[in-house]
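A.B. asks: If it helps, the file is called protein_19.cif and holds mmCIF, C-alpha atoms and all ligand atoms:
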```cif
data_target
#
loop_
_atom_site.label_atom_id
_atom_site.label_comp_id
_atom_site.auth_asym_id
_atom_site.auth_seq_id
_atom_site.Cartn_x
_atom_site.Cartn_y
_atom_site.Cartn_z
CA MET A 246 5.75 -14.30 13.37
CA HIS A 247 9.05 -12.46 13.26
CA GLU A 248 8.86 -12.50 17.07
CA LEU A 249 10.72 -15.80 16.89
CA SER A 250 13.64 -14.21 15.09
CA ILE A 251 13.49 -11.24 17.47
CA ALA A 252 13.58 -13.59 20.47
CA GLN A 253 16.68 -15.24 18.96
CA ASN A 254 18.37 -11.86 18.77
CA ILE A 255 17.46 -11.15 22.39
CA ILE A 256 18.97 -14.44 23.52
CA GLU A 257 22.12 -13.61 21.63
CA ILE A 258 22.33 -10.25 23.40
CA VAL A 259 21.88 -11.95 26.78
CA ARG A 260 24.63 -14.44 25.96
CA GLN A 261 26.97 -11.62 24.99
CA ASN A 262 26.39 -9.83 28.29
CA VAL A 263 26.30 -12.64 30.84
CA PRO A 264 29.15 -15.12 31.40
CA GLU A 265 28.33 -18.68 30.27
CA ASN A 266 28.38 -20.09 33.84
CA GLU A 267 25.89 -17.47 35.08
CA LEU A 268 23.22 -17.97 32.41
CA GLY A 269 21.22 -20.11 34.84
CA ASP A 270 20.87 -17.07 37.11
CA VAL A 271 19.17 -14.91 34.50
CA ARG A 272 15.60 -14.01 35.44
CA ALA A 273 14.03 -10.84 34.02
CA VAL A 274 15.26 -9.63 30.64
CA ARG A 275 13.92 -6.07 30.58
CA MET A 276 12.98 -4.55 27.30
CA LYS A 277 11.71 -1.25 25.97
CA VAL A 278 9.15 -1.82 23.26
CA GLY A 279 7.57 1.11 21.44
CA THR A 280 3.93 1.16 20.38
CA LEU A 281 5.14 1.21 16.78
CA ALA A 282 7.91 -1.36 17.14
CA GLY A 283 5.78 -3.87 15.25
CA VAL A 284 6.11 -6.50 17.96
CA VAL A 285 3.30 -8.38 19.67
CA ALA A 286 4.33 -8.62 23.32
CA GLU A 287 2.47 -11.89 23.95
CA SER A 288 4.04 -13.73 21.04
CA LEU A 289 7.46 -12.34 21.91
CA ARG A 290 7.19 -13.72 25.45
CA PHE A 291 5.94 -17.00 24.09
CA SER A 292 8.67 -17.32 21.44
CA PHE A 293 11.29 -16.54 24.04
CA SER A 294 9.96 -19.15 26.47
CA VAL A 295 9.96 -21.79 23.74
CA LEU A 296 13.54 -21.01 22.76
CA VAL A 297 14.97 -21.01 26.29
CA ALA A 298 13.21 -24.19 27.48
CA ASP A 299 15.77 -26.94 28.13
CA SER A 300 18.63 -24.45 27.96
CA PRO A 301 20.68 -22.82 30.72
CA LEU A 302 18.39 -19.79 30.29
CA LYS A 303 15.27 -21.76 31.18
CA ASP A 304 14.37 -19.50 34.14
CA ALA A 305 14.68 -16.31 32.13
CA TYR A 306 11.60 -14.37 31.05
CA ILE A 307 10.89 -11.14 29.22
CA GLN A 308 9.59 -8.04 30.97
CA ILE A 309 8.33 -5.31 28.72
CA GLU A 310 8.19 -1.60 29.36
CA HIS A 311 5.81 -0.12 26.80
CA ILE A 312 6.94 3.17 25.32
CA PRO A 313 4.22 5.44 23.90
CA PHE A 314 4.40 6.88 20.40
CA VAL A 315 5.18 10.58 20.77
CA ILE A 316 5.73 13.12 18.01
CA GLN A 317 6.82 16.71 18.14
CA CYS A 318 5.57 19.26 15.64
CA ASN A 319 8.30 21.28 13.97
CA THR A 320 5.82 24.05 13.16
CA CYS A 321 4.02 24.73 16.47
CA ARG A 322 6.50 22.80 18.68
CA GLN A 323 3.71 20.90 20.48
CA SER A 324 4.35 17.28 21.38
CA SER A 325 1.52 14.81 21.29
CA SER A 326 0.92 11.11 21.61
CA ASN A 327 -1.28 8.63 19.74
CA ASP A 328 -1.49 4.87 19.46
CA GLN A 329 -2.14 4.76 15.73
CA GLY A 330 1.22 5.98 14.51
CA PHE A 331 -0.15 9.22 13.04
CA ALA A 332 2.65 11.60 12.18
CA VAL A 333 0.43 14.63 11.64
CA CYS A 334 0.23 17.27 14.40
CA PRO A 335 -3.23 17.22 16.03
CA THR A 336 -2.84 20.84 17.16
CA CYS A 337 -2.01 22.68 13.94
CA GLY A 338 -2.38 19.95 11.34
CA GLY A 339 1.26 20.32 10.35
CA SER A 340 2.90 17.29 8.76
CA ASP A 341 6.48 18.28 9.50
CA THR A 342 6.93 16.31 12.71
CA THR A 343 9.68 14.39 14.45
CA VAL A 344 9.14 11.07 16.17
CA LEU A 345 10.42 11.37 19.73
CA THR A 346 9.63 7.90 21.09
CA GLY A 347 7.61 4.81 20.33
CA THR A 348 9.73 2.86 17.86
CA GLU A 349 12.24 1.37 20.29
CA LEU A 350 12.95 -2.32 20.46
CA GLN A 351 15.79 -2.76 22.89
CA VAL A 352 17.11 -4.77 25.79
CA PHE A 353 18.09 -2.39 28.58
CA GLU A 354 18.60 -4.57 31.66
CA ILE A 355 19.22 -8.17 32.60
CA GLU A 356 18.40 -9.25 36.13
CA LEU A 357 20.39 -12.11 37.70
CA ASP A 358 19.37 -14.10 40.77
CA ASP A 359 22.91 -14.69 41.98
CA LEU A 360 22.35 -14.84 45.77
CA HIS A 361 23.18 -18.54 45.90
CA THR A 362 26.46 -18.03 44.06
CA GLU A 363 27.44 -15.23 46.42
CA ALA A 364 26.65 -17.44 49.44
CA LEU A 365 29.15 -20.06 48.28
CA MET B 491 19.71 -9.95 42.74
CA SER B 492 22.07 -8.06 40.50
CA ILE B 493 21.39 -6.06 37.38
CA VAL B 494 23.40 -5.93 34.19
CA THR B 495 22.73 -2.76 32.18
CA VAL B 496 22.87 -3.41 28.47
CA GLN B 497 21.12 -0.78 26.28
CA ARG B 498 21.23 -2.74 23.06
CA ARG B 499 18.91 -2.44 20.09
CA VAL B 500 17.58 -5.91 19.37
CA LEU B 501 18.02 -5.65 15.61
CA GLU B 502 21.40 -3.93 15.63
CA LYS B 503 23.10 -6.92 14.03
CA ASN B 504 20.69 -6.83 11.11
CA ASP B 505 21.12 -3.08 10.78
CA GLU B 506 24.88 -3.43 10.73
CA ILE B 507 24.77 -5.93 7.87
CA ALA B 508 22.25 -3.67 6.12
CA ARG B 509 24.76 -0.81 6.37
CA CYS B 510 27.40 -3.00 4.73
CA ASN B 511 24.95 -3.98 1.99
CA ARG B 512 24.15 -0.32 1.40
CA ALA B 513 27.84 0.55 1.04
CA PHE B 514 28.29 -2.42 -1.30
CA PHE B 515 25.41 -1.22 -3.52
CA ALA B 516 26.67 2.36 -3.50
CA GLU B 517 30.13 1.25 -4.63
CA ARG B 518 28.59 -0.43 -7.63
CA GLY B 519 26.20 2.41 -8.38
CA THR B 520 23.19 0.12 -7.97
CA PHE B 521 19.89 1.64 -6.79
CA VAL B 522 18.00 -0.87 -4.65
CA ILE B 523 14.30 -1.01 -3.90
CA ASN B 524 12.55 -3.35 -1.48
CA LEU B 525 9.00 -4.26 -2.56
CA VAL B 526 6.67 -5.10 0.31
CA SER B 527 2.94 -5.87 0.55
CA SER B 528 0.39 -8.35 1.80
CA PRO B 529 0.34 -11.64 -0.12
CA GLY B 530 -1.09 -11.12 -3.58
CA SER B 531 -1.23 -7.31 -3.78
CA GLY B 532 0.75 -7.43 -7.00
CA LYS B 533 4.46 -7.13 -6.18
CA THR B 534 5.52 -9.59 -8.88
CA SER B 535 3.08 -8.13 -11.40
CA ILE B 536 4.39 -4.60 -10.84
CA LEU B 537 7.92 -5.92 -11.09
CA GLU B 538 7.07 -7.57 -14.42
CA ARG B 539 5.62 -4.33 -15.80
CA THR B 540 8.67 -2.47 -14.46
CA LEU B 541 11.04 -4.90 -16.19
CA GLU B 542 9.14 -4.36 -19.45
CA TYR B 543 9.54 -0.61 -19.08
CA PHE B 544 13.29 -0.76 -18.41
CA SER B 545 14.02 -3.47 -20.98
CA GLY B 546 16.56 -2.05 -23.45
CA ARG B 547 17.10 1.03 -21.29
CA ILE B 548 19.08 -0.12 -18.25
CA ASN B 549 20.22 -3.36 -16.65
CA VAL B 550 18.00 -4.59 -13.84
CA ALA B 551 18.54 -7.52 -11.45
CA VAL B 552 16.06 -9.14 -9.08
CA ILE B 553 16.11 -10.89 -5.73
CA GLU B 554 12.96 -12.91 -5.06
CA GLY B 555 12.07 -13.68 -1.48
CA ASP B 556 9.58 -16.48 -0.97
CA VAL B 557 8.58 -18.64 1.94
CA GLN B 558 8.54 -21.90 0.05
CA THR B 559 8.64 -21.78 -3.74
CA ASP B 560 10.51 -20.31 -6.68
CA LEU B 561 7.33 -19.58 -8.66
CA ASP B 562 7.90 -15.81 -8.69
CA ALA B 563 11.54 -16.27 -9.72
CA GLN B 564 10.35 -18.42 -12.64
CA ARG B 565 7.98 -15.65 -13.70
CA ILE B 566 10.83 -13.12 -13.57
CA ALA B 567 13.33 -15.36 -15.39
CA ARG B 568 11.19 -15.00 -18.54
CA TYR B 569 12.32 -11.39 -18.72
CA ARG B 570 15.95 -12.47 -19.13
CA VAL B 571 17.27 -10.56 -16.17
CA PRO B 572 19.58 -11.97 -13.49
CA VAL B 573 17.40 -13.29 -10.69
CA VAL B 574 18.36 -14.90 -7.38
CA GLN B 575 15.83 -16.78 -5.31
CA ILE B 576 15.90 -16.65 -1.53
CA VAL B 577 13.69 -19.30 0.06
CA THR B 578 13.13 -18.38 3.69
CA ASN B 579 11.83 -21.85 4.67
CA GLY B 580 8.89 -20.56 6.61
CA GLY B 581 10.53 -17.27 7.60
CA CYS B 582 8.05 -14.42 7.18
CA HIS B 583 10.49 -11.75 5.98
CA LEU B 584 13.90 -11.19 4.41
CA GLU B 585 16.83 -10.17 6.59
CA ALA B 586 19.97 -8.26 5.60
CA LYS B 587 22.11 -11.38 6.00
CA LEU B 588 20.03 -13.28 3.43
CA VAL B 589 20.52 -10.45 0.96
CA GLU B 590 24.24 -10.33 1.70
CA ASP B 591 24.48 -14.07 1.01
CA ALA B 592 22.51 -13.66 -2.21
CA MET B 593 25.19 -11.26 -3.49
CA ALA B 594 27.50 -14.24 -3.97
CA ASN B 595 25.20 -15.32 -6.81
CA LEU B 596 24.60 -11.94 -8.37
CA ASP B 597 27.02 -9.83 -10.40
CA LEU B 598 25.98 -6.22 -9.95
CA HIS B 599 28.49 -4.67 -12.35
CA GLY B 600 26.55 -2.52 -14.76
CA VAL B 601 23.29 -3.16 -12.90
CA LYS B 602 21.57 0.18 -12.31
CA LEU B 603 18.51 -1.14 -10.49
CA LEU B 604 18.15 -4.07 -8.11
CA VAL B 605 14.61 -4.96 -7.09
CA ILE B 606 14.12 -7.09 -3.99
CA GLU B 607 10.66 -8.65 -3.75
CA ASN B 608 10.07 -9.31 -0.07
CA VAL B 609 7.91 -12.07 1.36
CA GLY B 610 4.19 -11.21 1.18
CA ASN B 611 3.56 -9.87 4.69
CA LEU B 612 2.69 -6.38 5.89
CA VAL B 613 4.04 -6.75 9.41
CA CYS B 614 7.38 -8.45 9.69
CA PRO B 615 9.44 -7.02 6.79
CA SER B 616 9.00 -3.47 8.13
CA ASN B 617 11.49 -4.04 10.94
CA TYR B 618 14.28 -5.29 8.73
CA ASP B 619 16.47 -2.90 6.81
CA LEU B 620 18.06 -4.80 3.91
CA GLY B 621 20.29 -1.97 2.75
CA GLU B 622 17.79 -0.71 0.17
CA ALA B 623 17.50 2.91 -0.93
CA MET B 624 13.76 2.78 -0.37
CA LYS B 625 10.90 0.52 0.59
CA ILE B 626 7.98 0.50 -1.81
CA VAL B 627 4.71 -0.64 -0.25
CA VAL B 628 2.02 -2.01 -2.53
CA ALA B 629 -1.62 -1.97 -1.41
CA SER B 630 -4.32 -3.17 -3.78
CA THR B 631 -7.88 -1.92 -4.04
CA THR B 632 -9.23 -5.36 -3.14
CA GLU B 633 -7.71 -5.11 0.34
CA GLY B 634 -9.79 -2.10 1.37
CA ASP B 635 -8.74 1.40 2.36
CA ASP B 636 -7.83 0.79 6.01
CA LYS B 637 -4.53 -1.08 5.48
CA PRO B 638 -2.35 1.88 6.54
CA LEU B 639 -4.24 2.15 9.84
CA LYS B 640 -3.83 -1.55 10.54
CA TYR B 641 -0.18 -1.75 9.53
CA PRO B 642 1.28 1.67 10.33
CA GLY B 643 4.82 0.30 10.73
CA MET B 644 5.10 -0.64 7.09
CA PHE B 645 3.69 2.63 5.80
CA ARG B 646 5.95 4.60 8.10
CA HIS B 647 9.05 2.92 6.74
CA ALA B 648 8.10 3.18 3.07
CA SER B 649 9.01 6.01 0.72
CA VAL B 650 6.47 5.09 -1.93
CA LEU B 651 2.94 3.70 -1.90
CA ILE B 652 1.68 2.01 -5.04
CA ILE B 653 -2.09 1.57 -5.04
CA ASN B 654 -2.50 -1.37 -7.41
CA LYS B 655 -5.44 -3.07 -9.17
CA ILE B 656 -7.21 0.22 -9.84
CA ASP B 657 -8.93 -1.53 -12.76
CA LEU B 658 -10.99 -3.35 -10.14
CA LEU B 659 -12.30 -0.15 -8.49
CA PRO B 660 -15.79 -0.50 -10.01
CA TYR B 661 -16.18 -3.89 -8.34
CA VAL B 662 -14.83 -3.30 -4.84
CA SER B 663 -15.76 -0.94 -2.06
CA CYS B 664 -12.43 0.80 -1.71
CA ASP B 665 -12.15 4.57 -1.53
CA ILE B 666 -8.68 5.22 -2.85
CA ASN B 667 -8.65 8.81 -1.65
CA MET B 668 -9.35 7.49 1.82
CA LEU B 669 -6.59 4.91 1.37
CA LYS B 670 -4.20 7.67 0.34
CA ASP B 671 -5.28 9.98 3.20
CA ASN B 672 -4.86 7.20 5.74
CA ALA B 673 -1.38 6.48 4.42
CA LEU B 674 -0.40 10.15 4.52
CA LYS B 675 -1.52 10.45 8.16
CA ILE B 676 1.03 7.79 9.00
CA ASN B 677 3.68 9.08 6.64
CA PRO B 678 3.12 12.56 5.18
CA SER B 679 6.10 12.30 2.83
CA LEU B 680 4.91 9.15 1.04
CA LYS B 681 4.95 9.44 -2.74
CA VAL B 682 1.76 7.82 -4.06
CA PHE B 683 1.14 6.11 -7.42
CA ARG B 684 -1.95 4.36 -8.76
CA THR B 685 -1.46 1.43 -11.09
CA SER B 686 -3.15 -1.40 -12.87
CA CYS B 687 -0.98 -4.25 -14.03
CA THR B 688 -3.69 -5.46 -16.39
CA THR B 689 -4.44 -2.19 -18.23
CA LYS B 690 -0.94 -0.80 -17.46
CA GLU B 691 -2.49 2.46 -16.33
CA GLY B 692 -0.06 4.38 -14.10
CA ILE B 693 2.90 2.11 -14.85
CA ASP B 694 4.71 4.75 -16.94
CA GLU B 695 4.28 7.34 -14.18
CA TRP B 696 5.74 4.98 -11.57
CA CYS B 697 8.59 3.80 -13.78
CA GLY B 698 9.35 7.30 -15.02
CA TRP B 699 9.64 8.55 -11.45
CA LEU B 700 11.86 5.60 -10.54
CA GLU B 701 14.04 6.26 -13.59
CA GLN B 702 14.60 9.86 -12.46
CA ASN B 703 15.68 8.62 -9.04
CA LEU B 704 18.21 6.26 -10.62
CA SER B 705 20.02 9.09 -12.33
CA LYS B 706 20.32 11.11 -9.12
CA PRO B 707 23.80 10.75 -7.67
N1 LIG C 1 -7.13 -7.14 -11.93
C1 LIG C 1 -5.86 -7.02 -11.55
N2 LIG C 1 -5.22 -8.11 -11.08
C2 LIG C 1 -3.92 -7.96 -10.71
C3 LIG C 1 -3.24 -6.73 -10.78
N3 LIG C 1 -1.98 -6.90 -10.31
C4 LIG C 1 -1.87 -8.20 -9.97
N4 LIG C 1 -3.03 -8.86 -10.21
C5 LIG C 1 -3.33 -10.27 -9.96
O1 LIG C 1 -3.24 -10.51 -8.56
C6 LIG C 1 -2.68 -11.80 -8.30
C7 LIG C 1 -1.46 -11.68 -7.41
O2 LIG C 1 -0.45 -10.93 -8.07
P1 LIG C 1 1.10 -11.11 -7.78
O3 LIG C 1 1.82 -10.15 -8.66
O4 LIG C 1 1.49 -12.54 -7.87
O5 LIG C 1 1.13 -10.64 -6.26
P2 LIG C 1 2.35 -10.70 -5.23
O6 LIG C 1 2.23 -9.52 -4.33
O7 LIG C 1 3.64 -10.85 -5.96
O8 LIG C 1 2.02 -12.04 -4.45
P3 LIG C 1 2.98 -12.85 -3.40
O9 LIG C 1 4.36 -12.81 -3.95
O10 LIG C 1 2.38 -14.20 -3.36
O11 LIG C 1 2.85 -12.12 -2.10
C8 LIG C 1 -2.36 -12.38 -9.66
O12 LIG C 1 -3.41 -13.24 -10.03
C9 LIG C 1 -2.28 -11.19 -10.57
O13 LIG C 1 -2.61 -11.48 -11.91
C10 LIG C 1 -3.96 -5.59 -11.27
O14 LIG C 1 -3.48 -4.47 -11.36
N5 LIG C 1 -5.27 -5.81 -11.63
MG MG C 2 5.10 -12.29 -5.71
ZN ZN C 3 1.72 21.62 15.18
#
```
Written as structure tokens, that's how I'd like the structure from this file.
Ligand SMILES: Nc1nc2c(ncn2[C@@H]2O[C@H](COP(=O)(O)OP(=O)(O)OP(=O)(O)O)[C@@H](O)[C@H]2O)c(=O)[nH]1
Ligand SMILES: [Mg+2]
Ligand SMILES: [Zn+2]

C.D. replies:
Amino acid sequence: MHELSIAQNIIEIVRQNVPENELGDVRAVRMKVGTLAGVVAESLRFSFSVLVADSPLKDAYIQIEHIPFVIQCNTCRQSSSNDQGFAVCPTCGGSDTTVLTGTELQVFEIELDDLHTEAL
Amino acid sequence: MSIVTVQRRVLEKNDEIARCNRAFFAERGTFVINLVSSPGSGKTSILERTLEYFSGRINVAVIEGDVQTDLDAQRIARYRVPVVQIVTNGGCHLEAKLVEDAMANLDLHGVKLLVIENVGNLVCPSNYDLGEAMKIVVASTTEGDDKPLKYPGMFRHASVLIINKIDLLPYVSCDINMLKDNALKINPSLKVFRTSCTTKEGIDEWCGWLEQNLSKP
């Protein structure tokens, strides 16, 4: 259940990027989560919702963009994707591969519903 | 609606502290390993055998991570090495900050090897760099041969796999070649050892290899 500690880190990142008096406007917190990031999306959303309840961020929620695990073979240059985290090239069997995507765990956008503030 | 673009890695704070830890260890010439496994695979037992091997050869220190107790630290204290206990109070893994804090209670001068025993858990510790030189994942024969497929993250981050409890092979249905092959599919550069902490088979091979790594600059 390290999702709780990950959710804490996400909240910290939101607080560092949104002024205190606008925290109530935060809606979607958009994340990129790789297949191999070791994070269970459901428990991350749940942990986040528990932590923000009764706080200025209570209307914020996590939106996840899943990033597939993709490797590139350094022998035959083919890229391929798998959900298991295999680092061996399925085309030539080579084990000298580079991970291109699928391990990310990052916040890339925060959406604010600030229409009412602009109307004032 | 307005959008704030952030592009921040969620665990960057941990990674930053881990970098500081790594520099701190390098300054003191201390080689650090982070032992990870499911609960009960034999991390403490391997550590005990490793302490026996290095006793009288080099100075070793230990950090014990545990959710609730200091039972493992008590076991290690018998070997008369400096040991610091980190109780995570329910936390399922160690973080770099906890290790940094533990340094206040550990004098690393003259310590060639620092072993960090992580909390027994094959999922959570894999995300957290502590500043170690390498992660060592322990999988025991009683857990079956599919562990690497179920927990690829941990096997991907490890440099070494120790297959422990090989003395129990006659009694369990675990194909250790399959276990090894599964692990190598996830991480082809894994170095694999087979050990038994009861018969001590394989312990010298593991410790000998570790000893060679210590003397590398
Ligand atoms: N037969 C056999 N038993 C072992 C071996 N290694 C460890 N054990 C036993 O397995 C049990 C768990 O070992 P520990 O060393 O405490 O395992 P651990 O990974 O440190 O456990 P946690 O810290 O609780 O996660 C103990 O009863 C050990 O005696 C082995 O090689 N063979
Ligand atoms: Mg233990
Ligand atoms: Zn290839």

A.B. asks: First collect every listed atom of ligand LIG 1 (chain C); then fit an axis-aligned box around them, widen it by 3 Å on each side, and give centre and edge lengths in Å to one decimal, as JSON.

C.D. replies:
```
{"center_x": -1.4, "center_y": -9.3, "center_z": -7.0, "size_x": 17.5, "size_y": 15.7, "size_z": 15.8}
```

A.B. asks: Compute the set of protein, DNA and RNA residues whose minimum atom distance to ligand MG 2 (chain C) is at most 8 Å, using all atoms listed in the file, and state it as number ranges by chain.

C.D. replies: B: 529-530, 532-535, 554, 556, 562, 607, 609-610

A.B. asks: Filtering to C-alpha atoms, could you give me those residues as a PDB file, in the coordinates of the input?

C.D. replies:
```pdb
ATOM      1  CA  PRO B 529       0.340 -11.640  -0.120  1.00  0.00           C
ATOM      2  CA  GLY B 530      -1.090 -11.120  -3.580  1.00  0.00           C
ATOM      3  CA  GLY B 532       0.750  -7.430  -7.000  1.00  0.00           C
ATOM      4  CA  LYS B 533       4.460  -7.130  -6.180  1.00  0.00           C
ATOM      5  CA  THR B 534       5.520  -9.590  -8.880  1.00  0.00           C
ATOM      6  CA  SER B 535       3.080  -8.130 -11.400  1.00  0.00           C
ATOM      7  CA  GLU B 554      12.960 -12.910  -5.060  1.00  0.00           C
ATOM      8  CA  ASP B 556       9.580 -16.480  -0.970  1.00  0.00           C
ATOM      9  CA  ASP B 562       7.900 -15.810  -8.690  1.00  0.00           C
ATOM     10  CA  GLU B 607      10.660  -8.650  -3.750  1.00  0.00           C
ATOM     11  CA  VAL B 609       7.910 -12.070   1.360  1.00  0.00           C
ATOM     12  CA  GLY B 610       4.190 -11.210   1.180  1.00  0.00           C
TER      13      GLY B 610
END
```

A.B. asks: Could you list, as a ChimeraX atom specification, all the residues within 9 Å of ligand ZN 3 (chain C), counting all atoms listed in the file?

C.D. replies: /A:317-324,333-342

A.B. asks: Using the selection just defined, write its residues with C-alpha atoms as a PDB file, keeping the file's coordinate frame.

C.D. replies:
```pdb
ATOM      1  CA  GLN A 317       6.820  16.710  18.140  1.00  0.00           C
ATOM      2  CA  CYS A 318       5.570  19.260  15.640  1.00  0.00           C
ATOM      3  CA  ASN A 319       8.300  21.280  13.970  1.00  0.00           C
ATOM      4  CA  THR A 320       5.820  24.050  13.160  1.00  0.00           C
ATOM      5  CA  CYS A 321       4.020  24.730  16.470  1.00  0.00           C
ATOM      6  CA  ARG A 322       6.500  22.800  18.680  1.00  0.00           C
ATOM      7  CA  GLN A 323       3.710  20.900  20.480  1.00  0.00           C
ATOM      8  CA  SER A 324       4.350  17.280  21.380  1.00  0.00           C
ATOM      9  CA  VAL A 333       0.430  14.630  11.640  1.00  0.00           C
ATOM     10  CA  CYS A 334       0.230  17.270  14.400  1.00  0.00           C
ATOM     11  CA  PRO A 335      -3.230  17.220  16.030  1.00  0.00           C
ATOM     12  CA  THR A 336      -2.840  20.840  17.160  1.00  0.00           C
ATOM     13  CA  CYS A 337      -2.010  22.680  13.940  1.00  0.00           C
ATOM     14  CA  GLY A 338      -2.380  19.950  11.340  1.00  0.00           C
ATOM     15  CA  GLY A 339       1.260  20.320  10.350  1.00  0.00           C
ATOM     16  CA  SER A 340       2.900  17.290   8.760  1.00  0.00           C
ATOM     17  CA  ASP A 341       6.480  18.280   9.500  1.00  0.00           C
ATOM     18  CA  THR A 342       6.930  16.310  12.710  1.00  0.00           C
TER      19      THR A 342
END
```

A.B. asks: Leaving out Asn595 (chain B) and any residue of its chain fewer than 4 positions from it, which residues lie within 12 Å of it when counting all atoms listed in the file, given as a VMD selection string?

C.D. replies: chain B and resid 551 to 553 572 to 576 588 to 591

A.B. asks: Please produce an output containing C-alpha atoms for each residue in the selection, written as an mmCIF file, keeping the file's coordinate frame.

C.D. replies:
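And here is the file that came out, selection-v1.cif:
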```cif
data_model
loop_
_atom_site.group_PDB
_atom_site.id
_atom_site.type_symbol
_atom_site.label_atom_id
_atom_site.label_comp_id
_atom_site.auth_asym_id
_atom_site.auth_seq_id
_atom_site.Cartn_x
_atom_site.Cartn_y
_atom_site.Cartn_z
ATOM 1 C CA ALA B 551 18.540 -7.520 -11.450
ATOM 2 C CA VAL B 552 16.060 -9.140 -9.080
ATOM 3 C CA ILE B 553 16.110 -10.890 -5.730
ATOM 4 C CA PRO B 572 19.580 -11.970 -13.490
ATOM 5 C CA VAL B 573 17.400 -13.290 -10.690
ATOM 6 C CA VAL B 574 18.360 -14.900 -7.380
ATOM 7 C CA GLN B 575 15.830 -16.780 -5.310
ATOM 8 C CA ILE B 576 15.900 -16.650 -1.530
ATOM 9 C CA LEU B 588 20.030 -13.280 3.430
ATOM 10 C CA VAL B 589 20.520 -10.450 0.960
ATOM 11 C CA GLU B 590 24.240 -10.330 1.700
ATOM 12 C CA ASP B 591 24.480 -14.070 1.010
#
```

A.B. asks: Please identify every polymer residue within 9 Å of ligand LIG 1 (chain C), using only C-alpha atoms and all ligand atoms, and present the set as a tab-separated table (two decimals) with C-alpha atoms, in the coordinates of the input.

C.D. replies:
```
chain	number	residue	atom	x	y	z
B	525	LEU	CA	9.00	-4.26	-2.56
B	526	VAL	CA	6.67	-5.10	0.31
B	527	SER	CA	2.94	-5.87	0.55
B	528	SER	CA	0.39	-8.35	1.80
B	529	PRO	CA	0.34	-11.64	-0.12
B	530	GLY	CA	-1.09	-11.12	-3.58
B	531	SER	CA	-1.23	-7.31	-3.78
B	532	GLY	CA	0.75	-7.43	-7.00
B	533	LYS	CA	4.46	-7.13	-6.18
B	534	THR	CA	5.52	-9.59	-8.88
B	535	SER	CA	3.08	-8.13	-11.40
B	536	ILE	CA	4.39	-4.60	-10.84
B	537	LEU	CA	7.92	-5.92	-11.09
B	538	GLU	CA	7.07	-7.57	-14.42
B	554	GLU	CA	12.96	-12.91	-5.06
B	555	GLY	CA	12.07	-13.68	-1.48
B	556	ASP	CA	9.58	-16.48	-0.97
B	561	LEU	CA	7.33	-19.58	-8.66
B	562	ASP	CA	7.90	-15.81	-8.69
B	607	GLU	CA	10.66	-8.65	-3.75
B	608	ASN	CA	10.07	-9.31	-0.07
B	609	VAL	CA	7.91	-12.07	1.36
B	610	GLY	CA	4.19	-11.21	1.18
B	611	ASN	CA	3.56	-9.87	4.69
B	628	VAL	CA	2.02	-2.01	-2.53
B	629	ALA	CA	-1.62	-1.97	-1.41
B	630	SER	CA	-4.32	-3.17	-3.78
B	631	THR	CA	-7.88	-1.92	-4.04
B	653	ILE	CA	-2.09	1.57	-5.04
B	654	ASN	CA	-2.50	-1.37	-7.41
B	655	LYS	CA	-5.44	-3.07	-9.17
B	656	ILE	CA	-7.21	0.22	-9.84
B	657	ASP	CA	-8.93	-1.53	-12.76
B	658	LEU	CA	-10.99	-3.35	-10.14
B	685	THR	CA	-1.46	1.43	-11.09
B	686	SER	CA	-3.15	-1.40	-12.87
B	687	CYS	CA	-0.98	-4.25	-14.03
B	688	THR	CA	-3.69	-5.46	-16.39
B	689	THR	CA	-4.44	-2.19	-18.23
B	690	LYS	CA	-0.94	-0.80	-17.46
B	691	GLU	CA	-2.49	2.46	-16.33
```

A.B. asks: Sort by chain and increasing residue number a table of all residues of chain B within 8 Å of chain A, each with its closest pair of atoms and their distance in Å to one decimal, counting all atoms listed in the file, and write it as a tab-separated table.

C.D. replies:
```
residue	atom	partner	partner_atom	distance
B:Met491	CA	A:Asp358	CA	4.6
B:Ser492	CA	A:Leu357	CA	5.2
B:Ile493	CA	A:Glu356	CA	4.5
B:Val494	CA	A:Ile355	CA	5.0
B:Thr495	CA	A:Glu354	CA	4.5
B:Val496	CA	A:Phe353	CA	4.9
B:Gln497	CA	A:Phe353	CA	4.1
B:Arg498	CA	A:Val352	CA	5.3
B:Arg499	CA	A:Gln351	CA	4.2
B:Val500	CA	A:Gln351	CA	5.1
B:Leu501	CA	A:Asn254	CA	7.0
B:Gly581	CA	A:His247	CA	7.6
B:Cys582	CA	A:His247	CA	6.5
B:His583	CA	A:His247	CA	7.5
B:Val613	CA	A:Gly283	CA	6.7
B:Cys614	CA	A:His247	CA	5.6
B:Ser616	CA	A:Gly283	CA	7.8
B:Asn617	CA	A:Gly283	CA	7.2
B:Leu639	CA	A:Gln329	CA	6.8
B:Pro642	CA	A:Gly330	CA	6.0
B:Gly643	CA	A:Leu281	CA	6.1
B:Lys675	CA	A:Phe331	CA	5.2
B:Ile676	CA	A:Phe331	CA	4.4
B:Asn677	CA	A:Ala332	CA	6.2
B:Pro678	CA	A:Ser340	CA	5.9
```

A.B. asks: Could you name the residues that touch Gly600 (chain B) at 12 Å or less, counting all atoms listed in the file, but leaving out those on the same chain fewer than 6 positions away, as a PyMOL selection string?

C.D. replies: chain B and resi 515+517-521+548-551+572

A.B. asks: Calculated over only C-alpha atoms, which of the candidates B:Arg684, B:Gln702, B:Leu659, B:Gly621 has the smallest distance to Ala513 (chain B)?

C.D. replies: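 The shortest atom-to-atom distance to Ala513 (chain B) comes from B:Gly621.
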
A.B. asks: Work out how far CA of Arg539 (chain B) is from CA of Ala567 (chain B), in Å to one decimal.

C.D. replies: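 Answer for the CA of Ala567 (chain B) to CA of Arg539 (chain B) separation: 13.5 Å.
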